[in-house]
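Report on one structure; see the data block that follows.
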Amino acid sequence: MPRSLPLLMVLALGLSAEEAETASEAGAEPNVAVVAAPLLATFEERRQALVETFATTGSEAFDRAGCLFTLGRHAEALVQINKGLDPLVPGNTINRWMHGGNTGFIAWPGIDAYLRYEKFLDEATKERYRRIYTTGVFYARLSTSNHKLMAALTRYLATQVWGPDAFTADPYFTTKDPYIMGKLKPGQPVWGTRFDAKDPTGEKYLKEIIAATVRGGPGEFASRPYGAQNILPLLTLADGAKDRTMAAQARIAYEVCLVQFAPTWLRGHLATFAPRSYPDTESQAPWGVATLPWLYFGGVTPTLSHAKAAAAGALSNFRLPPTIVTAATDRSQPYFYRAFLNGFALNHYVNRTYALFSRSAKRGGKPWQGQSYPCGVMFDQDPTKGSHLWITSPAADEPGKMGIHTHGVRANEQEVLGRDSLLFVFKADNRLPYALGYVPGGYQAALNDSAKDGRIYLHYGSVLIAVTASMPFTWDPAAGIRAPASKPRTGDSEFRVQAPVCALALETAPPGEFPGPDATAQLAAFRERLTRRSALHLDIPQVAARYGNRHGDTVECTFGGTDRVNGQIIDYQTWPTSESPWTSQKTPDGPLMVTDGTTTRTYDFKAWTITEAPGKR
């Protein structure tokens with residue numbers, strides 16, 4: 001059991017020991033206590049609060065050392081540096097999974113700290129660094145995008161520091177390490193001291209990732225536990241690479257990642273599809289990668305002692321250009337944000353205090369994803385409560401058998417989004433032949449018509465939500481969660497629409513649209529309006545559905561076929577890489593343009609330049 005991860009989280013998420021170690025090193029701490037903290041208005045206020053808090057109680061040794069160095073507390077910082085190195089020593093008993101492929105979560109922050117603070121290190125610490133980084137087998141199993149990027153970065157920068165001929169595996173790995181010894185054939189050299197046989201230093205891979213990031217988003221987009229490890233290494237490269245071309249392109253890629261996040265930002269929520277995330281855990285208190293946009297954009301303050309991603313960003317001299325901030329903070333008018341990221345056509349409808357979002361795999365994405373949520377509604381809410389209502393075709397939904405997959409999503413569900421409306425069509429198999437819905441418990445009022453006409457209505461203070469199914473179902477708000485993938489919150493519940501072919505629709509509205517003296521009266525007015533104007537129709541033989549909302553808009557989805565909004569066919573082949581009131585990138589090759597209404601910032605991915613000019617895009 002890893003010492004840094006609470007037992008509660010290991011049990012709640014159903015993690016194996018190895019996955020728990022990985023999650024711990026990645027910064028996955030969704031169940032830490034949420035403590036109300038004052039809103040910090042400016043970047044410098046947030047940065048200062050982070051540095052001061054993390055220096056004292058930070059949960060990652062190398063970033064904690066960086067905060068201590070920043071505050072001039074050098075002796076304490078050196079203690080933390082060596083504490084961070086301890087788990088990287090061959091044969092250590094602190095991180096027994098390290099040599100199985102999880103090294104990057106420690107080794108990358110370590111090389112980052114070396115480059116930033118070498119001038120403060122004593123000779124003994126520098127020699128310890130050299131010995132560990134040139135003899136460690138850090139690249140033995142690279143199974144996910146974050147593993148690969150951290151490994152390539154670590155090897156590339158270690159080569160920059162100690163030279164290309166400095167790497168020889170410590171004898172421990174060929175005589176005592178069971179993982180490495182079990183993989184080696186007689187006479188085979190230890191491969192884990194290099195990134196890849198054809199790319200030993202990782203330089204080629206880093207260039208590929210930089211190009212891929214600006215064209216299709218960072219790996220594991222918006223993943224709370226793993227997204228930061230797909231983004232922050234770019235900042236390390238931008239600040240630490242001696243190859244100035246590489247550094248400049250990495251800086252552009254890092255900045256573009258923040259641009260890609262900006263229109264999805266809702267004061268603490270990354271209100272967008274996220275692979276490799278845990279939907280049950282979401283509240284408006286940022287954790288994991290969501291603390292990084294918080295650093296630059298503001299909003300609900302995270303638990304600062306666990307905000308590893310934000311702390312890493314705070315230690316850099318990078319400052320976000322003001323032109324980008326408007327896209328993350330102007331919520332005065334509703335808007336759509338369309339993006340083609342990680343192979344999915346993403347769509348978002350953001351309306352001041354809530355965001356409805358979806359994703360489509362109809363352009364070639366991978367529809368199955370175990371650790372994932374495909375879509376739903378996120379909204380302003382007390383950060384101690386859940387604020388993500390979601391629908392899925394579950395990849396796992398059996399008590400005691402959730403594993404690392406949480407509920408996830410299988411390829412049996414497709415959806416399409418319109419103004420204030422999201423339509424799902426399900427074509428399930430016999431293993432889990434139903435749709436699953438998750439209802440956070442923080443609502444101020446609820447009307448339960450599920451058994452009568454397949455509808456429920458919810459008032460969360462910041463948003464009204466109606467769930468409409470193609471058939472009656474049972475929703476028991478007091479029944480809790482049958483197969484929780486994290487610690488259930490009081491009042492959270494779920495429902496299942498038990499039919500292999502079915503459809504569901506979500507319709508949302510701002511509470512101010514419906515007059516009434518209290519939440520119950522407003523919700524009753526919402527129900528009355530939708531009963532008269534909104535309707536869901538399912539064609540079972542065609543596996544196709546149509547939903548008409550209160551505005552008179554229609555959304556249509558045919559499973560494996562054509563989607564339409566207001567009669568217009570959605571052409572996913574021409575889906576923009578980014579399109580919002582502030583951003584425009586028509587194709588993956590760019591250019592990307594960002595505006596704050598008075599200045600336009602243009603990113604040219606062929607020339608690798610950034611220019612600014614007065615005016616809108």
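Going through the structure tokens in order, the chains are called A, B, and so on, while each chain numbers its residues from 1 and the ligands are numbered from 1 in the order shown.
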Could you list, as JSON, numbers by chain, every residue within 8 Å of Gly441 in chain A, counting only C-alpha atoms and ignoring same-chain residues fewer than 3 positions away?
{"A": [385, 386, 489, 490, 491, 492, 493]}
Sel. of strand (DSSP E or B) residues, range 139-324 of chain A, as a list in words = Trp265, Leu266, His269, Leu270, Ala274 and Pro275 of chain A
Write the residues you've just listed into a file as a compact mmCIF listing (two decimals), in the first residue's frame, and include N, CA and C atoms for each of them.
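Once written, part-v1.txt looks like this:
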```txt
# COMPACT_ATOMS: atom_id res chain seq x y z
N TRP A 265 -13.93 26.27 -19.10
CA TRP A 265 -13.70 26.57 -17.70
C TRP A 265 -14.94 27.19 -17.07
N LEU A 266 -15.36 26.66 -15.95
CA LEU A 266 -16.53 27.17 -15.24
C LEU A 266 -16.17 27.30 -13.76
N HIS A 269 -14.65 24.07 -12.57
CA HIS A 269 -14.96 22.91 -13.39
C HIS A 269 -14.22 23.00 -14.73
N LEU A 270 -13.64 21.88 -15.16
CA LEU A 270 -13.32 21.69 -16.57
C LEU A 270 -14.52 20.98 -17.16
N ALA A 274 -13.74 13.94 -20.57
CA ALA A 274 -12.40 13.63 -20.09
C ALA A 274 -12.18 12.13 -20.07
N PRO A 275 -11.24 11.62 -20.87
CA PRO A 275 -10.85 10.23 -20.72
C PRO A 275 -10.01 10.06 -19.46
```
> Separation of CA of Gln284 in chain A and CA of Gln381 in chain A, in Å?
Replying inline: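 These two atoms are separated by 6.6 Å.
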| task | For range 456-462 of chain A, please output as JSON, numbers by chain all residues within 6 Å (counting only C-alpha atoms; exclusion window: fewer than 5 positions along the same chain). | result | {"A": [353, 380, 443, 444, 445, 446, 447, 448, 449, 450, 467]}
Those same residues - N, CA and C atoms - I'd like them written as a PDB file, in the first residue's frame.
```
ATOM      1  N   THR A 353     -23.934  29.886 -15.628  1.00  0.00           N
ATOM      2  CA  THR A 353     -23.633  29.162 -14.385  1.00  0.00           C
ATOM      3  C   THR A 353     -23.634  27.660 -14.564  1.00  0.00           C
ATOM      4  N   ASP A 380     -22.445  25.472 -11.240  1.00  0.00           N
ATOM      5  CA  ASP A 380     -22.013  26.133 -10.011  1.00  0.00           C
ATOM      6  C   ASP A 380     -22.687  25.476  -8.821  1.00  0.00           C
ATOM      7  N   TYR A 443     -29.467  19.105  -4.868  1.00  0.00           N
ATOM      8  CA  TYR A 443     -30.566  19.886  -5.446  1.00  0.00           C
ATOM      9  C   TYR A 443     -31.420  20.529  -4.356  1.00  0.00           C
ATOM     10  N   GLN A 444     -32.014  21.678  -4.712  1.00  0.00           N
ATOM     11  CA  GLN A 444     -32.888  22.405  -3.790  1.00  0.00           C
ATOM     12  C   GLN A 444     -34.334  21.933  -3.877  1.00  0.00           C
ATOM     13  N   ALA A 445     -34.686  21.353  -5.020  1.00  0.00           N
ATOM     14  CA  ALA A 445     -36.030  20.807  -5.209  1.00  0.00           C
ATOM     15  C   ALA A 445     -35.954  19.738  -6.279  1.00  0.00           C
ATOM     16  N   ALA A 446     -36.866  18.778  -6.227  1.00  0.00           N
ATOM     17  CA  ALA A 446     -36.922  17.709  -7.226  1.00  0.00           C
ATOM     18  C   ALA A 446     -38.367  17.289  -7.424  1.00  0.00           C
ATOM     19  N   LEU A 447     -38.704  16.944  -8.664  1.00  0.00           N
ATOM     20  CA  LEU A 447     -40.009  16.393  -9.005  1.00  0.00           C
ATOM     21  C   LEU A 447     -39.768  15.073  -9.714  1.00  0.00           C
ATOM     22  N   ASN A 448     -40.340  14.022  -9.191  1.00  0.00           N
ATOM     23  CA  ASN A 448     -40.046  12.672  -9.663  1.00  0.00           C
ATOM     24  C   ASN A 448     -41.244  12.091 -10.400  1.00  0.00           C
ATOM     25  N   ASP A 449     -41.216  12.188 -11.720  1.00  0.00           N
ATOM     26  CA  ASP A 449     -42.245  11.588 -12.567  1.00  0.00           C
ATOM     27  C   ASP A 449     -41.686  10.381 -13.323  1.00  0.00           C
ATOM     28  N   SER A 450     -40.633   9.766 -12.791  1.00  0.00           N
ATOM     29  CA  SER A 450     -39.941   8.707 -13.534  1.00  0.00           C
ATOM     30  C   SER A 450     -40.842   7.509 -13.804  1.00  0.00           C
ATOM     31  N   VAL A 467     -34.600  15.360 -16.962  1.00  0.00           N
ATOM     32  CA  VAL A 467     -34.185  14.108 -17.584  1.00  0.00           C
ATOM     33  C   VAL A 467     -35.430  13.453 -18.156  1.00  0.00           C
TER      34      VAL A 467
END
```
Could you produce a table of the residues of range 53-99 of chain A lying within 9 Å of range 293-308 of chain A, with the nearest pair of atoms per residue and their separation in Å rounded to one decimal, using only C-alpha atoms, ordered by chain and increasing residue number, as JSON lines?
```
{"residue": "A:Thr53", "atom": "CA", "partner": "A:Ser305", "partner_atom": "CA", "distance": 6.1}
{"residue": "A:Phe54", "atom": "CA", "partner": "A:Ser305", "partner_atom": "CA", "distance": 5.2}
{"residue": "A:Ala55", "atom": "CA", "partner": "A:Ser305", "partner_atom": "CA", "distance": 8.7}
{"residue": "A:Thr56", "atom": "CA", "partner": "A:Ser305", "partner_atom": "CA", "distance": 8.3}
{"residue": "A:Thr57", "atom": "CA", "partner": "A:Ser305", "partner_atom": "CA", "distance": 5.5}
{"residue": "A:Gly58", "atom": "CA", "partner": "A:Ser305", "partner_atom": "CA", "distance": 4.6}
{"residue": "A:Ser59", "atom": "CA", "partner": "A:His306", "partner_atom": "CA", "distance": 5.6}
{"residue": "A:Glu60", "atom": "CA", "partner": "A:Lys308", "partner_atom": "CA", "distance": 6.7}
{"residue": "A:Asp63", "atom": "CA", "partner": "A:Lys308", "partner_atom": "CA", "distance": 7.4}
{"residue": "A:Arg64", "atom": "CA", "partner": "A:Lys308", "partner_atom": "CA", "distance": 9.0}
```
One residue among A:Ala535, A:Arg215, A:Lys176, A:Pro367 is nearest to Leu592 in chain A when using only C-alpha atoms, and that residue is A:Arg215
Between A:Asn146, A:Ser421, A:Ser277, A:Ser358, smallest distance to Gly408 in chain A by only C-alpha atoms belongs to A:Ser277
